[in-house]
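**Student:** Input: one structure, supplied below.
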Amino acid sequence: MNDQILSGPSFGPASGGTPRQLVVLLHGRGADGNDLIGLAPLFAEQLPDALFLSPDAPQPCDMAPFGLQWFSLIDRSPENIAAGVRGTAPAIDAFLDHHLAQHGLTDADLALFGFSQGCMMALHVGLRRSTAAAAVMGYSGMLAGAESLSAEITVRPPVLLVHGDGDEIVPHAALAMAETALRDAGVSVEAVSRPGLGHGIDDEGVRLAQAMLGRIFAGR
């Protein structure tokens with residue numbers, strides 16, 4: 001990874017004022033930051049003072065003629081996935097540190113939202129920061145390197161996991177596996193299975209994220 005700060009689309013604050021919260025949206029493999037920034041206006045209904053950032057992953061997707069990836073998935077072995085997440089995490093940490101400092105915010109003002117491969121990144125980074133974020137929300141993803149979590153976890157933000165039982169890309173069984181590992185590590189987890197949903201985010205998934213954002217930042 002190079003030292004250049006990641007970049008991508010942004011939205012808000014909808015109020016037009018100074019950011020009071022930072023919500024970072026991490027897209028899936030084969031997409032880019034534009035894939036999730038469309039959620040920002042929906043989430044801004046709860047957080048009009050939030051700045052929403054959706055950084056582009058740093059690598060061209062090596063399994064498609066377009067889009068980006070956080071790390072390669074040509075080799076889908078658990079060892080490669082864990083190594084890929086670990087290798088890219090510093091770029092996301094640097095992005096978070098940069099924007100929190102730029103706006104005079106702290107990790108307590110931060111929420112991470114990740115979809116698919118972005119969910120893997122959000123869970124990895126969000127559980128290893130020096131200070132806990134307000135929340136981590138992961139959709140249609142998995143917990144990479146679960147066997148090393150207990151030795152590496154540094155913070156325990158509340159986690160929301162949402163996964164469709166018809167997911168054709170990331171097995172639905174990853175939901176229960178992640179929930180178990182997180183609970184064993186002392187993390188508060190809300191795990192929601194969505195019947196009939198494939199690899200995506202449905203209206204109920206959006207509602208769950210809206211509810212969590214409203215709850216964790218209530219009164220701020």
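FYI, nothing fancy with the structure tokens labels: chains A, B, ... in order, residues from 1 per chain, ligands from 1 as they appear.
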Skip Cys61 of chain A itself and residues of its chain fewer than 3 positions away, then list as a ChimeraX atom specification all residues within 12 Å of it, counting only C-alpha atoms.

**Tutor:** /A:28-32,56-58,64-74,117

**Student:** Quick one: write out the picked residues with N, CA and C atoms as a tab-separated table (two decimals), in the first residue's frame?

**Tutor:**
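Wrote it out as part-v7.tsv, contents follow:
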```tsv
chain	number	residue	atom	x	y	z
A	28	GLY	N	-18.24	-3.00	-1.83
A	28	GLY	CA	-17.84	-4.37	-2.11
A	28	GLY	C	-16.91	-4.47	-3.30
A	29	ARG	N	-16.37	-5.67	-3.51
A	29	ARG	CA	-15.45	-5.92	-4.63
A	29	ARG	C	-16.18	-5.74	-5.96
A	30	GLY	N	-15.50	-5.09	-6.90
A	30	GLY	CA	-16.06	-4.86	-8.22
A	30	GLY	C	-16.89	-3.60	-8.34
A	31	ALA	N	-16.99	-2.84	-7.26
A	31	ALA	CA	-17.72	-1.58	-7.27
A	31	ALA	C	-16.75	-0.44	-6.98
A	32	ASP	N	-17.28	0.71	-6.59
A	32	ASP	CA	-16.46	1.81	-6.11
A	32	ASP	C	-17.29	2.62	-5.13
A	56	ASP	N	-13.04	5.02	-2.45
A	56	ASP	CA	-12.77	3.99	-3.45
A	56	ASP	C	-11.69	3.05	-2.91
A	57	ALA	N	-11.89	1.75	-3.10
A	57	ALA	CA	-10.85	0.78	-2.74
A	57	ALA	C	-9.60	1.04	-3.58
A	58	PRO	N	-8.42	0.65	-3.09
A	58	PRO	CA	-7.17	1.05	-3.73
A	58	PRO	C	-6.72	0.23	-4.93
A	64	ALA	N	-12.60	-8.73	-12.88
A	64	ALA	CA	-13.61	-8.06	-13.70
A	64	ALA	C	-12.93	-6.96	-14.49
A	65	PRO	N	-13.52	-6.55	-15.62
A	65	PRO	CA	-12.91	-5.51	-16.44
A	65	PRO	C	-13.16	-4.10	-15.89
A	66	PHE	N	-13.85	-4.01	-14.77
A	66	PHE	CA	-14.16	-2.70	-14.19
A	66	PHE	C	-14.27	-2.86	-12.68
A	67	GLY	N	-14.35	-1.75	-11.99
A	67	GLY	CA	-14.53	-1.79	-10.54
A	67	GLY	C	-13.22	-1.94	-9.79
A	68	LEU	N	-13.35	-1.87	-8.46
A	68	LEU	CA	-12.19	-1.86	-7.57
A	68	LEU	C	-12.33	-2.95	-6.52
A	69	GLN	N	-11.24	-3.20	-5.81
A	69	GLN	CA	-11.27	-4.20	-4.74
A	69	GLN	C	-10.36	-3.74	-3.60
A	70	TRP	N	-10.69	-4.20	-2.41
A	70	TRP	CA	-9.85	-3.92	-1.25
A	70	TRP	C	-8.66	-4.88	-1.22
A	71	PHE	N	-8.87	-6.09	-1.73
A	71	PHE	CA	-7.79	-7.07	-1.87
A	71	PHE	C	-8.26	-8.14	-2.82
A	72	SER	N	-7.33	-8.95	-3.32
A	72	SER	CA	-7.65	-9.98	-4.31
A	72	SER	C	-8.42	-11.14	-3.68
A	73	LEU	N	-9.37	-11.66	-4.44
A	73	LEU	CA	-10.10	-12.86	-4.03
A	73	LEU	C	-9.96	-13.98	-5.06
A	74	ILE	N	-8.91	-13.91	-5.88
A	74	ILE	CA	-8.64	-15.03	-6.78
A	74	ILE	C	-8.42	-16.30	-5.95
A	117	GLN	N	-17.14	-7.32	0.66
A	117	GLN	CA	-15.73	-7.20	1.02
A	117	GLN	C	-15.50	-5.99	1.91
```

**Student:** Taking only chain A into account, list the residues labelled helix (DSSP H, G or I) by DSSP (computed from the backbone), as JSON, numbers by chain.

**Tutor:** {"A": [34, 35, 36, 37, 40, 41, 42, 43, 78, 79, 80, 81, 82, 83, 84, 85, 86, 87, 88, 89, 90, 91, 92, 93, 94, 95, 96, 97, 98, 99, 100, 101, 102, 107, 108, 109, 117, 118, 119, 120, 121, 122, 123, 124, 125, 126, 146, 147, 148, 149, 150, 151, 152, 173, 174, 175, 176, 177, 178, 179, 180, 181, 182, 183, 184, 203, 204, 205, 206, 207, 208, 209, 210, 211, 212, 213, 214, 215, 216]}

**Student:** Leaving out segment 188-191 of chain A and any residue of its chain fewer than 5 positions from it, which residues lie within 8 Å of it when counting only C-alpha atoms, given as a list in words?

**Tutor:** Arg156, Pro157, Pro158, Val159, Leu160, Leu161, Val162, Leu175, Ala176, Glu179, Leu182 and Arg183 of chain A

**Student:** Quick one: write out the picked residues with C-alpha atoms as a compact mmCIF listing (two decimals), in the first residue's frame?

**Tutor:**
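The file below, part16.txt, is the result:
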```txt
# COMPACT_ATOMS: atom_id res chain seq x y z
CA ARG A 156 -15.64 -3.44 21.25
CA PRO A 157 -18.05 -1.13 19.45
CA PRO A 158 -21.61 -2.41 18.99
CA VAL A 159 -21.97 -4.36 15.75
CA LEU A 160 -24.94 -4.81 13.42
CA LEU A 161 -24.75 -7.72 10.96
CA VAL A 162 -27.33 -8.23 8.20
CA LEU A 175 -23.60 -14.61 9.62
CA ALA A 176 -23.83 -17.11 12.48
CA GLU A 179 -21.98 -13.56 15.47
CA LEU A 182 -17.88 -11.61 18.08
CA ARG A 183 -19.93 -12.60 21.11
```

**Student:** Check the smallest atom-to-atom distance from each of A:Ala185, A:Met177, A:Ile5, A:Ala94 to Glu152 of chain A using only C-alpha atoms, then report the winner.

**Tutor:**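 Closest residue, counting only C-alpha atoms: A:Ala185.
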
**Student:** Could you name the residues that touch Ala14 of chain A at 8 Å or less, counting only C-alpha atoms, but leaving out those on the same chain fewer than 4 positions away, as a list in words?

**Tutor:** Pro41, Ala44, Pro48, Asp49 and Ala50 of chain A

**Student:** As a list in words, list the residues of segment 38-120 of chain A assigned to strand (DSSP E or B) by DSSP on the backbone atoms of this structure.

**Tutor:**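 Filtering segment 38-120 of chain A down to strand (DSSP E or B) leaves Ala50, Leu51, Phe52, Leu53, Gln59, Pro60, Leu68, Gln69, Leu110, Ala111, Leu112, Phe113, Gly114 and Phe115 of chain A.
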
**Student:** Skip segment 132-148 of chain A itself and residues of its chain fewer than 4 positions away, then list as a list in words all residues within 6 Å of it, counting only C-alpha atoms.

**Tutor:**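 So, after excluding close chain neighbours, the residues are Ala82, Asp107, Ala108, Leu110, Ala111, Leu112, Phe113, Gly114, Phe115, Ser116, Cys119, Met120, Val155, Pro157, Pro158, Val159, Leu160, Leu161, Val162, His163, Ala174 and Ala178 of chain A.
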
**Student:** Can those selected residues be exported to a file as a compact mmCIF listing (two decimals), in the first residue's frame so that it contains N, CA and C atoms?

**Tutor:**
```txt
# COMPACT_ATOMS: atom_id res chain seq x y z
N ALA A 82 -7.72 -13.47 5.17
CA ALA A 82 -7.21 -12.82 6.38
C ALA A 82 -6.00 -11.94 6.06
N ASP A 107 -13.13 9.07 17.39
CA ASP A 107 -13.73 7.79 17.03
C ASP A 107 -15.13 7.63 17.63
N ALA A 108 -15.41 8.32 18.72
CA ALA A 108 -16.75 8.26 19.30
C ALA A 108 -17.79 8.89 18.39
N LEU A 110 -17.69 8.37 15.08
CA LEU A 110 -17.50 7.61 13.84
C LEU A 110 -18.37 6.37 13.79
N ALA A 111 -18.99 6.12 12.65
CA ALA A 111 -19.66 4.85 12.38
C ALA A 111 -19.12 4.29 11.07
N LEU A 112 -18.88 2.98 11.07
CA LEU A 112 -18.40 2.28 9.87
C LEU A 112 -19.52 1.42 9.31
N PHE A 113 -19.69 1.46 8.00
CA PHE A 113 -20.69 0.67 7.30
C PHE A 113 -19.99 -0.03 6.15
N GLY A 114 -20.09 -1.36 6.09
CA GLY A 114 -19.42 -2.08 5.02
C GLY A 114 -20.33 -3.11 4.37
N PHE A 115 -20.20 -3.24 3.05
CA PHE A 115 -20.96 -4.24 2.29
C PHE A 115 -20.00 -5.23 1.66
N SER A 116 -20.27 -6.54 1.85
CA SER A 116 -19.51 -7.62 1.23
C SER A 116 -18.04 -7.53 1.62
N CYS A 119 -17.57 -5.07 4.18
CA CYS A 119 -17.95 -5.54 5.51
C CYS A 119 -16.76 -6.19 6.20
N MET A 120 -16.01 -7.00 5.47
CA MET A 120 -14.81 -7.63 6.04
C MET A 120 -13.85 -6.56 6.54
N VAL A 155 -10.89 -2.92 20.82
CA VAL A 155 -12.08 -2.16 21.17
C VAL A 155 -13.31 -2.99 20.83
N PRO A 157 -16.87 -1.92 19.81
CA PRO A 157 -18.05 -1.13 19.45
C PRO A 157 -19.24 -2.06 19.20
N PRO A 158 -20.47 -1.58 19.36
CA PRO A 158 -21.61 -2.41 18.99
C PRO A 158 -21.61 -2.70 17.50
N VAL A 159 -22.01 -3.91 17.14
CA VAL A 159 -21.97 -4.36 15.75
C VAL A 159 -23.36 -4.79 15.30
N LEU A 160 -23.74 -4.34 14.11
CA LEU A 160 -24.94 -4.81 13.42
C LEU A 160 -24.50 -5.63 12.22
N LEU A 161 -25.01 -6.86 12.11
CA LEU A 161 -24.75 -7.72 10.96
C LEU A 161 -26.07 -8.06 10.29
N VAL A 162 -26.13 -7.91 8.97
CA VAL A 162 -27.33 -8.23 8.20
C VAL A 162 -26.91 -9.06 6.99
N HIS A 163 -27.60 -10.16 6.76
CA HIS A 163 -27.20 -11.07 5.68
C HIS A 163 -28.43 -11.78 5.14
N ALA A 174 -22.00 -17.50 7.08
CA ALA A 174 -21.01 -16.57 7.63
C ALA A 174 -21.62 -15.68 8.70
N ALA A 178 -19.84 -15.31 12.30
CA ALA A 178 -19.36 -14.02 12.77
C ALA A 178 -20.00 -13.65 14.10
```

**Student:** Sort by chain and increasing residue number a table of all residues of segment 78-101 of chain A within 10 Å of segment 16-27 of chain A, each with its closest pair of atoms and their distance in Å to one decimal, counting only C-alpha atoms, and write it as CSV.

**Tutor:**
```
residue,atom,partner,partner_atom,distance
A:Ile92,CA,A:Leu26,CA,9.4
A:Phe95,CA,A:Val24,CA,9.7
A:Leu96,CA,A:Val24,CA,8.2
A:His99,CA,A:Leu22,CA,8.3
A:Leu100,CA,A:Leu22,CA,7.5
```

**Student:** One number please: atom CA of Ile216 of chain A to atom CA of Gly166 of chain A, in Å, one decimal.

**Tutor:**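 About the pair atom CA of Ile216 of chain A and atom CA of Gly166 of chain A: they are 29.5 Å apart.
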
**Student:** Using only C-alpha atoms, which of the listed residues (A:Ala89, A:Leu53, A:Leu39, A:Asp109) sits closest to Arg207 of chain A?

**Tutor:** A:Leu39

**Student:** Calculate how many Å separate atom CA of Asn34 of chain A from atom CA of Pro9 of chain A, rounding to one decimal.

**Tutor:**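 Here the two named atoms are 6.4 Å from each other.
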
**Student:** Which one of A:Glu168, A:Asp35, A:Asp202, A:Asp184 sits closest to Gly118 of chain A if you count only C-alpha atoms?

**Tutor:**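 Using only C-alpha atoms, Gly118 of chain A sits closest to A:Asp35.
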
**Student:** Considering only C-alpha atoms, state which residue in the set A:Ala181, A:Ser150, A:Arg194, A:Leu36 is at the smallest distance from Leu208 of chain A.

**Tutor:** A:Arg194
